[in-house]
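Asker: The structure's right below; bear with me while I get my questions together.
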Amino acid sequence: MTDQHWKNRDVISIHDFSREDIETVLHEAAGIVPNPDLLRGRVMASLFFEPSTRTQLSFASACERLVGQVIGFSSGEVSSKAKGETLADTIRMVEGYSDVIVVRHPLEGSARLAADTADIPVINAGDGANQHPTQTLLDLFTMEKFSGKIDGLSVGMVGDLRYGRTVHSLATALTRFKRIKLRLISPPTLRMPPSVLRELEGKIEYAEQEELDLTGLDVVYVTRIQKERFPDIEEYEKVKGTYVINAEVAQQLSPTAIILHPLPRVDEIHPEVDALPQAKYFEQAKAGIPVRMALLKLLLLGEDR
Ligand code: NCD
């Protein structure tokens, strides 16, 4: 690949990533170390119109470990959005103040709009229920680290497969790998959207079920029920607390299986599970640093640096 394949590229949807692209990021992330020169003088704008702890802080930390600067805000209420400014206008302004823009926004398609507006690279840090590509890259990094491979894994996704953007991106990414088996465990009202299921056809052997059966899985990817995305709060009340992984449920798992969760958790993983050797969700959150360092490096400097 030429330098230009990465330099200035947008990261909006995992659909734009080939297997080779994913492997490039994971490889780069595995070898990256803090560097006082790499991003010196560069500015990352961090525009979070929706709450975030991990994604926002790990992007900022990743940038600062490469000695770039960070500007931005962590709520639409403190930006000019509160005065009625459109996203496109905000992006046009911020483009003049920075070298790369990280944006999280409640509307699906907002990151694509931002990328179409700006000439500098835009990274989607989550657009509504749609996509969360950088979370997927760190999920894959964690799987490779603890399962030793991605090809051939049996992956269970548990919880809100309808509104959870992390599982949408991850399911698409897994179609780039070989012999993946996917068990989609959700209440009937929170099944994986048909558009994602269509992508799996012919590429991934998958099964949908309601029962919390984790036997035989290599990876259990647990998600929070996305309360804020339900049009009707009564529908949320009906499904909240459906699945709880506690120490007893975790006994279904083999010793080498891993439990992942993009976090934050509400009640779907009991804290007693944290001490089990299979619990890798805090390690997963840590992977946000090398993966986002690698991405910033690739987008701002290209592959050969
Ligand atoms: C996820 C998100 O924002 O989609 N969190 C994250 O980025 N780690 C998952 C969630 O909010 O449930």
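All residue names refer to the structure tokens as shown: chains lettered A, B, ... in order, residues numbered from 1 in each chain, ligands numbered from 1 in order.
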May I ask you to write as a ChimeraX atom specification all residues lying at most 7 Å from ligand 1, with only C-alpha atoms and all ligand atoms counted?
Answerer: /A:52,54-55,126,132,135,164-166,223-224,226,262-264
Asker: Atoms to include: N, CA, C and O atoms. Write the selected residues as a PDB file, in the first residue's frame.
Answerer:
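Resulting contents of selection32.pdb:
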```pdb
ATOM      1  N   SER A  52     -19.353  10.365  26.902  1.00  0.00           N
ATOM      2  CA  SER A  52     -18.304   9.379  26.656  1.00  0.00           C
ATOM      3  C   SER A  52     -17.281   9.467  27.769  1.00  0.00           C
ATOM      4  O   SER A  52     -16.970  10.563  28.233  1.00  0.00           O
ATOM      5  N   ARG A  54     -14.517   6.476  28.080  1.00  0.00           N
ATOM      6  CA  ARG A  54     -13.390   5.763  27.486  1.00  0.00           C
ATOM      7  C   ARG A  54     -12.948   6.325  26.144  1.00  0.00           C
ATOM      8  O   ARG A  54     -11.770   6.582  25.911  1.00  0.00           O
ATOM      9  N   THR A  55     -13.899   6.484  25.236  1.00  0.00           N
ATOM     10  CA  THR A  55     -13.520   6.862  23.868  1.00  0.00           C
ATOM     11  C   THR A  55     -12.857   8.237  23.875  1.00  0.00           C
ATOM     12  O   THR A  55     -11.795   8.439  23.290  1.00  0.00           O
ATOM     13  N   GLY A 126     -18.569   7.254  17.050  1.00  0.00           N
ATOM     14  CA  GLY A 126     -19.925   6.771  17.344  1.00  0.00           C
ATOM     15  C   GLY A 126     -20.963   7.722  16.789  1.00  0.00           C
ATOM     16  O   GLY A 126     -21.007   8.879  17.203  1.00  0.00           O
ATOM     17  N   HIS A 132     -19.326   2.357  15.135  1.00  0.00           N
ATOM     18  CA  HIS A 132     -18.309   2.781  16.107  1.00  0.00           C
ATOM     19  C   HIS A 132     -17.008   2.072  15.696  1.00  0.00           C
ATOM     20  O   HIS A 132     -16.527   1.176  16.395  1.00  0.00           O
ATOM     21  N   GLN A 135     -13.929   1.488  18.079  1.00  0.00           N
ATOM     22  CA  GLN A 135     -14.199   0.498  19.129  1.00  0.00           C
ATOM     23  C   GLN A 135     -13.978  -0.901  18.557  1.00  0.00           C
ATOM     24  O   GLN A 135     -13.378  -1.771  19.202  1.00  0.00           O
ATOM     25  N   GLY A 164     -27.219  -1.244  19.581  1.00  0.00           N
ATOM     26  CA  GLY A 164     -25.795  -1.175  19.941  1.00  0.00           C
ATOM     27  C   GLY A 164     -24.919  -1.004  18.701  1.00  0.00           C
ATOM     28  O   GLY A 164     -24.792  -1.896  17.878  1.00  0.00           O
ATOM     29  N   ARG A 165     -24.279   0.149  18.603  1.00  0.00           N
ATOM     30  CA  ARG A 165     -23.463   0.402  17.400  1.00  0.00           C
ATOM     31  C   ARG A 165     -22.192  -0.440  17.415  1.00  0.00           C
ATOM     32  O   ARG A 165     -21.658  -0.787  16.357  1.00  0.00           O
ATOM     33  N   THR A 166     -21.708  -0.792  18.608  1.00  0.00           N
ATOM     34  CA  THR A 166     -20.454  -1.550  18.653  1.00  0.00           C
ATOM     35  C   THR A 166     -20.631  -2.938  18.027  1.00  0.00           C
ATOM     36  O   THR A 166     -19.748  -3.415  17.329  1.00  0.00           O
ATOM     37  N   THR A 223     -23.265  -6.506  25.829  1.00  0.00           N
ATOM     38  CA  THR A 223     -23.559  -5.083  25.599  1.00  0.00           C
ATOM     39  C   THR A 223     -24.601  -4.581  26.581  1.00  0.00           C
ATOM     40  O   THR A 223     -25.400  -5.343  27.114  1.00  0.00           O
ATOM     41  N   ARG A 224     -24.594  -3.279  26.758  1.00  0.00           N
ATOM     42  CA  ARG A 224     -25.578  -2.571  27.583  1.00  0.00           C
ATOM     43  C   ARG A 224     -26.851  -2.383  26.756  1.00  0.00           C
ATOM     44  O   ARG A 224     -26.767  -2.111  25.555  1.00  0.00           O
ATOM     45  N   GLN A 226     -29.347  -0.115  25.319  1.00  0.00           N
ATOM     46  CA  GLN A 226     -29.094   1.299  25.013  1.00  0.00           C
ATOM     47  C   GLN A 226     -30.319   2.159  25.321  1.00  0.00           C
ATOM     48  O   GLN A 226     -31.013   2.660  24.410  1.00  0.00           O
ATOM     49  N   PRO A 262     -17.907  -3.367  25.673  1.00  0.00           N
ATOM     50  CA  PRO A 262     -17.319  -2.065  25.320  1.00  0.00           C
ATOM     51  C   PRO A 262     -17.349  -1.087  26.501  1.00  0.00           C
ATOM     52  O   PRO A 262     -16.626  -0.096  26.485  1.00  0.00           O
ATOM     53  N   LEU A 263     -18.190  -1.387  27.504  1.00  0.00           N
ATOM     54  CA  LEU A 263     -18.407  -0.527  28.672  1.00  0.00           C
ATOM     55  C   LEU A 263     -19.004   0.818  28.220  1.00  0.00           C
ATOM     56  O   LEU A 263     -18.777   1.202  27.077  1.00  0.00           O
ATOM     57  N   PRO A 264     -19.781   1.510  28.998  1.00  0.00           N
ATOM     58  CA  PRO A 264     -20.080   1.229  30.395  1.00  0.00           C
ATOM     59  C   PRO A 264     -21.065   0.066  30.576  1.00  0.00           C
ATOM     60  O   PRO A 264     -21.933  -0.136  29.742  1.00  0.00           O
TER      61      PRO A 264
END
```
Asker: With DSSP run on the backbone, what are the strand (DSSP E or B) residues within range 225-302 of chain A? I'd like them as number ranges by chain.
Answerer: A: 245, 258-260, 269, 279
Asker: Would you give me, as an MDAnalysis selection string, the residues in range 94-217 of chain A that DSSP reads as alpha helix (DSSP H)?
Answerer: chainID A and resid 94:95 110:117 133:147 165:174 194:200
Asker: Write out as JSON lines a residue-level contact list of range 143-205 of chain A versus range 18-25 of chain A with cut-off 12 Å: for each qualifying residue the closest pair of atoms and the distance in Å to one decimal, counting only C-alpha atoms, rows sorted by chain and residue number upward.
Answerer:
```
{"residue": "A:Glu144", "atom": "CA", "partner": "A:Glu23", "partner_atom": "CA", "distance": 10.4}
{"residue": "A:Lys149", "atom": "CA", "partner": "A:Glu23", "partner_atom": "CA", "distance": 11.5}
{"residue": "A:Ile150", "atom": "CA", "partner": "A:Glu23", "partner_atom": "CA", "distance": 10.7}
{"residue": "A:Asp151", "atom": "CA", "partner": "A:Arg19", "partner_atom": "CA", "distance": 11.2}
{"residue": "A:Leu170", "atom": "CA", "partner": "A:Ile22", "partner_atom": "CA", "distance": 11.7}
{"residue": "A:Thr172", "atom": "CA", "partner": "A:Ser18", "partner_atom": "CA", "distance": 10.6}
{"residue": "A:Ala173", "atom": "CA", "partner": "A:Arg19", "partner_atom": "CA", "distance": 8.1}
{"residue": "A:Leu174", "atom": "CA", "partner": "A:Arg19", "partner_atom": "CA", "distance": 9.2}
{"residue": "A:Thr175", "atom": "CA", "partner": "A:Arg19", "partner_atom": "CA", "distance": 9.0}
{"residue": "A:Arg176", "atom": "CA", "partner": "A:Arg19", "partner_atom": "CA", "distance": 5.4}
{"residue": "A:Phe177", "atom": "CA", "partner": "A:Arg19", "partner_atom": "CA", "distance": 7.2}
{"residue": "A:Lys178", "atom": "CA", "partner": "A:Arg19", "partner_atom": "CA", "distance": 10.4}
```
Asker: Could you write those residues out with N, CA, C and O atoms, as a compact mmCIF listing (two decimals), in the first residue's frame?
Answerer:
```
# COMPACT_ATOMS: atom_id res chain seq x y z
N GLU A 144 -7.41 -10.73 19.40
CA GLU A 144 -6.16 -11.30 18.90
C GLU A 144 -5.17 -11.49 20.04
O GLU A 144 -4.49 -12.51 20.13
N LYS A 149 -5.80 -15.25 17.96
CA LYS A 149 -6.20 -15.26 16.54
C LYS A 149 -7.60 -14.64 16.44
O LYS A 149 -8.26 -14.43 17.48
N ILE A 150 -8.01 -14.39 15.22
CA ILE A 150 -9.41 -13.98 15.00
C ILE A 150 -10.11 -15.03 14.12
O ILE A 150 -11.24 -15.44 14.41
N ASP A 151 -9.41 -15.50 13.08
CA ASP A 151 -9.99 -16.56 12.23
C ASP A 151 -10.42 -17.74 13.09
O ASP A 151 -9.69 -18.16 14.01
N LEU A 170 -18.77 -4.47 14.76
CA LEU A 170 -17.98 -5.68 14.98
C LEU A 170 -18.45 -6.83 14.09
O LEU A 170 -17.64 -7.57 13.52
N THR A 172 -19.83 -6.64 11.14
CA THR A 172 -19.34 -6.37 9.79
C THR A 172 -17.86 -6.71 9.69
O THR A 172 -17.41 -7.36 8.74
N ALA A 173 -17.09 -6.28 10.68
CA ALA A 173 -15.64 -6.53 10.65
C ALA A 173 -15.35 -8.03 10.63
O ALA A 173 -14.42 -8.49 9.95
N LEU A 174 -16.14 -8.80 11.36
CA LEU A 174 -15.87 -10.25 11.44
C LEU A 174 -16.10 -10.94 10.09
O LEU A 174 -15.54 -12.02 9.85
N THR A 175 -16.88 -10.32 9.19
CA THR A 175 -17.05 -10.92 7.85
C THR A 175 -15.73 -10.89 7.07
O THR A 175 -15.60 -11.56 6.05
N ARG A 176 -14.76 -10.11 7.51
CA ARG A 176 -13.46 -10.05 6.82
C ARG A 176 -12.58 -11.24 7.21
O ARG A 176 -11.51 -11.43 6.65
N PHE A 177 -13.02 -12.01 8.22
CA PHE A 177 -12.19 -13.11 8.74
C PHE A 177 -12.81 -14.46 8.36
O PHE A 177 -13.94 -14.51 7.87
N LYS A 178 -12.02 -15.52 8.55
CA LYS A 178 -12.43 -16.85 8.07
C LYS A 178 -13.05 -17.70 9.17
O LYS A 178 -12.63 -17.62 10.31
```
Asker: May I have the residues within 10 Å of Ala62 in chain A as a list in words, using only C-alpha atoms and disregarding those fewer than 6 positions away in the same chain?
Answerer: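 Selected residues are Pro34, Gln56, Gly68, Gly288, Ile289, Pro290, Val291, Arg292, Met293, Ala294, Leu295, Leu296 and Lys297 of chain A.
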Asker: Compare A:Lys280, A:Arg183, A:Arg198, A:His5 by their minimum atom-to-atom distance to Met143 in chain A, counting only C-alpha atoms, and give me the closest one.
Answerer: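 Checking each candidate against Met143 in chain A, we get A:Lys280 as the closest.
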Asker: At a cut-off of 7 Å, using only C-alpha atoms, what residues contact range 92-105 of chain A? Leave out same-chain residues fewer than 5 positions from it and give the result as a list in words.
Answerer: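 In the requested format, the answer is Arg42, Val43, Met44, Ala45, Ser46, Leu47, Phe48, Phe49, Glu50, Ser110, Ala111, Thr117, Ala118, Ile120, Pro121, Val122, Ile123, Asn124, Ala125, Gly126, Asp127 and Gly128 of chain A.
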